[in-house]
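Trainee: What follows is a single structure, and I will ask about it in a moment.
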Amino acid sequence: MKRRLFLSALATSALPAASVKIERVELIKVVVRMKPGVVYSENLGPTLDQRLVLFDTYPKFLIKLYADNGMVGLGETAREVTDAAAQRNADFLKGKRMEEIDGKLPEPTTADGFEIAMYDLMGKSSGLPVCSLLGGRLQDKVAVSYWTAQRTFDDLVRVGETAVAKGYRTLKFKARLGDPIEKQMAAVAKAAPTLRFIVDFNSSYPDLASFLPVAQRLQGYNLTIEDPVPKRLDWFRQLRQRTTIPFALTPINAEQLFEAIKTDAVDVFNLGGNMREFVREASMAEMAGIPCWHGSGVELGIRDMSFIHAAAATRSCTIGSDTLSYLRQHSLITPPFQPVDGYIEVPKKPGLGVELDEDAVKRYRV
């Protein structure tokens, strides 16, 4: 019942936060680049996904919701959103009380960023951490993965060794059609035998026939393969039937997630969406006995911490999630968090449990 109440709307009359009025909304545009060398190998060659070259140059918006009770809710949009999309939701929220919003925002592309800020405000106003508003703290710490994109042999080995040295248990990396993935796996698995690996192909193989021989040669590694082919569930089901490798799907919506469960097409889910959607879908996965992780667009600290709270409100999010703001030049939050032994502890303070580092925000503000 508690979970259903909180998932039904952003605010209910049972919460002190429901009477809070948003008096002012501040949008702060920032660009924070990745740390040098952490994303891909410069000398990779023609198979490099060109989207990686500029993906960290896109701005994000930090959100501050100033309430009449003196509290400030913090949020963060995804990258590649427009000024107009952020401003439209900001204008909509100004002057409204929480019970008037009920999760309905006019601009969907930035709605999840404002949802984060509203949950942070609700938590601070009611004295509860965000995970409690999402249904309860079911995990005290959340597993996270070390991450990189496409790599040469030598660089991938170095990244694997770094992941082990930092205490991680999972390394996720990118590969595409044309990459020498079999040799790469052999090299990094030898260098870092304690790691579990997730290889994300971003559906770069065109069909089942082109990828099945590759998958069969990758059997034997401690490996999960994510989205190797276009998201046809019959292809995923055949890959599972004809290999021993676990396969992960990033479903395009809740309907595909349900169909994947019904047809026994996958072993793992990579889930995203806003916090309420994530908890709902992770609960569906839990009922089916399928684990998941929380995906990301390589975020900053506010958005990452929202992922941690959402994951903590589930039992199925047990695979290392993509919580990666530590790979940027600054996460823009205080206190900064660094995973310990492959986990991030869930804050127990009200709201998200973190605040903006205002000096850092000034440095990276556009």
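Ordering of the structure tokens sets the chain letters (A, B, ...), residue numbers begin anew at 1 in every chain, and ligands are numbered from 1 in the order given.
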Which residues, written as an MDAnalysis selection string, have at least one atom at most 9 Å from Asp357 in chain A, with only C-alpha atoms counted and residues fewer than 2 positions away on the same chain left out?

Mentor: chainID A and resid 331:336 355 359:362

Trainee: Report the closest atom pair, with its distance in Å rounded to one decimal, for each residue of range 172-282 of chain A that has an atom no farther than 9 Å from range 145-163 of chain A; count only C-alpha atoms, sort by chain and then rising residue number, and write it as a tab-separated table.

Mentor:
```
residue	atom	partner	partner_atom	distance
A:Lys172	CA	A:Trp147	CA	4.8
A:Phe173	CA	A:Thr148	CA	4.9
A:Lys174	CA	A:Ala149	CA	4.4
A:Ala175	CA	A:Gln150	CA	5.6
A:Arg176	CA	A:Gln150	CA	8.0
A:Asp179	CA	A:Gln150	CA	8.6
A:Pro180	CA	A:Phe153	CA	8.9
A:Lys183	CA	A:Phe153	CA	7.7
A:Gln184	CA	A:Phe153	CA	5.6
A:Met185	CA	A:Phe153	CA	8.8
A:Ala187	CA	A:Val157	CA	6.5
A:Val188	CA	A:Val157	CA	4.8
A:Ala189	CA	A:Gly160	CA	8.2
A:Lys190	CA	A:Val157	CA	8.7
A:Ala191	CA	A:Val157	CA	6.2
A:Ala192	CA	A:Gly160	CA	5.8
A:Leu195	CA	A:Gly160	CA	7.9
A:Asp200	CA	A:Ala149	CA	8.8
```

Trainee: Within 8 Å of Leu223 in chain A, counting only C-alpha atoms, which residues show up once you throw out same-chain ones fewer than 3 positions away? Write them as a list in words, please.

Mentor: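 My list of contacting residues is Arg196, Phe197, Ile198, Val199, Ile245 and Pro246 of chain A.
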
Trainee: Write the residues of the selection above to a file with C-alpha atoms, as a PDB file, in the first residue's frame.

Mentor:
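Listed below is the output, out_10.pdb:
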```
ATOM      1  CA  ARG A 196      32.306  -9.218 -14.021  1.00  0.00           C
ATOM      2  CA  PHE A 197      31.888  -7.633 -17.466  1.00  0.00           C
ATOM      3  CA  ILE A 198      28.986  -6.017 -19.274  1.00  0.00           C
ATOM      4  CA  VAL A 199      29.543  -5.312 -22.973  1.00  0.00           C
ATOM      5  CA  ILE A 245      25.691 -16.001 -21.951  1.00  0.00           C
ATOM      6  CA  PRO A 246      23.203 -13.810 -20.054  1.00  0.00           C
TER       7      PRO A 246
END
```

Trainee: Would you please give, as a VMD selection string, all residues of range 55-290 of chain A that DSSP assigns to alpha helix (DSSP H) based on the backbone?

Mentor: chain A and resid 83 to 93 98 to 101 108 to 126 130 to 133 153 to 165 181 to 191 208 to 217 233 to 242 254 to 262 275 to 288

Trainee: For Ile344 in chain A, please output as a ChimeraX atom specification all residues within 8 Å (counting only C-alpha atoms; exclusion window: fewer than 2 positions along the same chain).

Mentor: /A:141-144,308,337-340,342,346

Trainee: For Arg88 in chain A, list every protein, DNA or RNA residue within 12 Å, evaluated using only C-alpha atoms, and leave out those in the same chain fewer than 2 positions away; present the list as a list in words.

Mentor: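 Residues near the query, excluding close chain neighbours: Val25, Leu27, Val81, Thr82, Asp83, Ala84, Ala85, Ala86, Ala90, Asp91, Phe92, Leu93, Lys94, Leu105, Pro106, Glu107, Pro108, Thr109, Thr110, Ala111 and Phe114 of chain A.
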
Trainee: Find the residues near range 230-232 of chain A: any atom within 12 Å, counting only C-alpha atoms, skip ones fewer than 4 places away on the same chain, and give them as a PDB file with C-alpha atoms, in the first residue's frame.

Mentor:
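Result file follows (result.pdb):
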```pdb
ATOM      1  CA  PHE A 201      26.902  -3.174 -28.358  1.00  0.00           C
ATOM      2  CA  ASN A 202      24.200  -0.496 -28.740  1.00  0.00           C
ATOM      3  CA  SER A 203      22.353  -2.715 -31.251  1.00  0.00           C
ATOM      4  CA  SER A 204      25.191  -2.293 -33.749  1.00  0.00           C
ATOM      5  CA  TYR A 205      24.897  -5.812 -35.222  1.00  0.00           C
ATOM      6  CA  PRO A 206      22.127  -5.811 -37.829  1.00  0.00           C
ATOM      7  CA  ASP A 207      20.525  -9.161 -37.081  1.00  0.00           C
ATOM      8  CA  LEU A 208      20.708 -12.473 -35.240  1.00  0.00           C
ATOM      9  CA  SER A 210      25.564 -11.639 -37.768  1.00  0.00           C
ATOM     10  CA  PHE A 211      25.940 -11.734 -33.984  1.00  0.00           C
ATOM     11  CA  GLU A 226      23.661  -5.798 -23.615  1.00  0.00           C
ATOM     12  CA  PHE A 236      17.052 -12.117 -27.918  1.00  0.00           C
ATOM     13  CA  ARG A 237      15.207 -15.316 -27.031  1.00  0.00           C
ATOM     14  CA  GLN A 238      17.130 -17.304 -29.645  1.00  0.00           C
ATOM     15  CA  LEU A 239      20.453 -15.888 -28.410  1.00  0.00           C
ATOM     16  CA  PHE A 247      21.638 -11.150 -22.302  1.00  0.00           C
ATOM     17  CA  ALA A 248      20.448  -7.731 -21.163  1.00  0.00           C
ATOM     18  CA  LEU A 249      17.798  -5.590 -22.815  1.00  0.00           C
ATOM     19  CA  THR A 250      17.217  -1.863 -22.503  1.00  0.00           C
ATOM     20  CA  PRO A 251      13.457  -1.926 -23.122  1.00  0.00           C
ATOM     21  CA  ILE A 252      11.981   0.896 -25.147  1.00  0.00           C
ATOM     22  CA  ASN A 253       8.959   1.108 -22.822  1.00  0.00           C
ATOM     23  CA  GLN A 256       8.282  -4.202 -24.149  1.00  0.00           C
ATOM     24  CA  LEU A 257       9.574  -4.986 -20.672  1.00  0.00           C
ATOM     25  CA  GLU A 259       6.546  -8.722 -23.251  1.00  0.00           C
ATOM     26  CA  ALA A 260      10.202  -9.651 -22.632  1.00  0.00           C
ATOM     27  CA  THR A 263       8.284 -14.490 -23.615  1.00  0.00           C
ATOM     28  CA  ALA A 265      13.526 -13.274 -23.791  1.00  0.00           C
ATOM     29  CA  VAL A 266      16.117 -11.787 -21.438  1.00  0.00           C
TER      30      VAL A 266
END
```

Trainee: Leaving out Arg315 in chain A and any residue of its chain fewer than 3 positions from it, which residues lie within 8 Å of it when counting only C-alpha atoms, given as number ranges by chain?

Mentor: A: 138-139, 282-283, 286, 311-312, 318

Trainee: So that I have them on file, write out the residues from the current selection with N, CA and C atoms, as a PDB file, in the first residue's frame.

Mentor:
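Produced file selection07.pdb, reproduced below:
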```
ATOM      1  N   LEU A 138      14.969  -0.248   0.623  1.00  0.00           N
ATOM      2  CA  LEU A 138      15.109  -1.702   0.534  1.00  0.00           C
ATOM      3  C   LEU A 138      16.571  -2.124   0.364  1.00  0.00           C
ATOM      4  N   GLN A 139      17.442  -1.168   0.051  1.00  0.00           N
ATOM      5  CA  GLN A 139      18.880  -1.420  -0.010  1.00  0.00           C
ATOM      6  C   GLN A 139      19.594  -0.251   0.670  1.00  0.00           C
ATOM      7  N   ALA A 282      11.236  -1.809 -12.178  1.00  0.00           N
ATOM      8  CA  ALA A 282      12.104  -2.710 -11.415  1.00  0.00           C
ATOM      9  C   ALA A 282      11.289  -3.665 -10.556  1.00  0.00           C
ATOM     10  N   SER A 283      10.129  -3.203 -10.097  1.00  0.00           N
ATOM     11  CA  SER A 283       9.242  -4.093  -9.339  1.00  0.00           C
ATOM     12  C   SER A 283       8.659  -5.178 -10.232  1.00  0.00           C
ATOM     13  N   GLU A 286      11.383  -7.648 -10.558  1.00  0.00           N
ATOM     14  CA  GLU A 286      11.517  -8.422  -9.322  1.00  0.00           C
ATOM     15  C   GLU A 286      10.509  -9.557  -9.265  1.00  0.00           C
ATOM     16  N   ALA A 311      17.119   3.216  -7.061  1.00  0.00           N
ATOM     17  CA  ALA A 311      17.586   1.835  -6.969  1.00  0.00           C
ATOM     18  C   ALA A 311      17.415   1.286  -5.560  1.00  0.00           C
ATOM     19  N   ALA A 312      17.627   2.141  -4.549  1.00  0.00           N
ATOM     20  CA  ALA A 312      17.503   1.699  -3.164  1.00  0.00           C
ATOM     21  C   ALA A 312      16.075   1.327  -2.804  1.00  0.00           C
ATOM     22  N   THR A 318      20.278  -5.040  -8.527  1.00  0.00           N
ATOM     23  CA  THR A 318      21.442  -5.623  -7.856  1.00  0.00           C
ATOM     24  C   THR A 318      22.676  -5.712  -8.748  1.00  0.00           C
TER      25      THR A 318
END
```
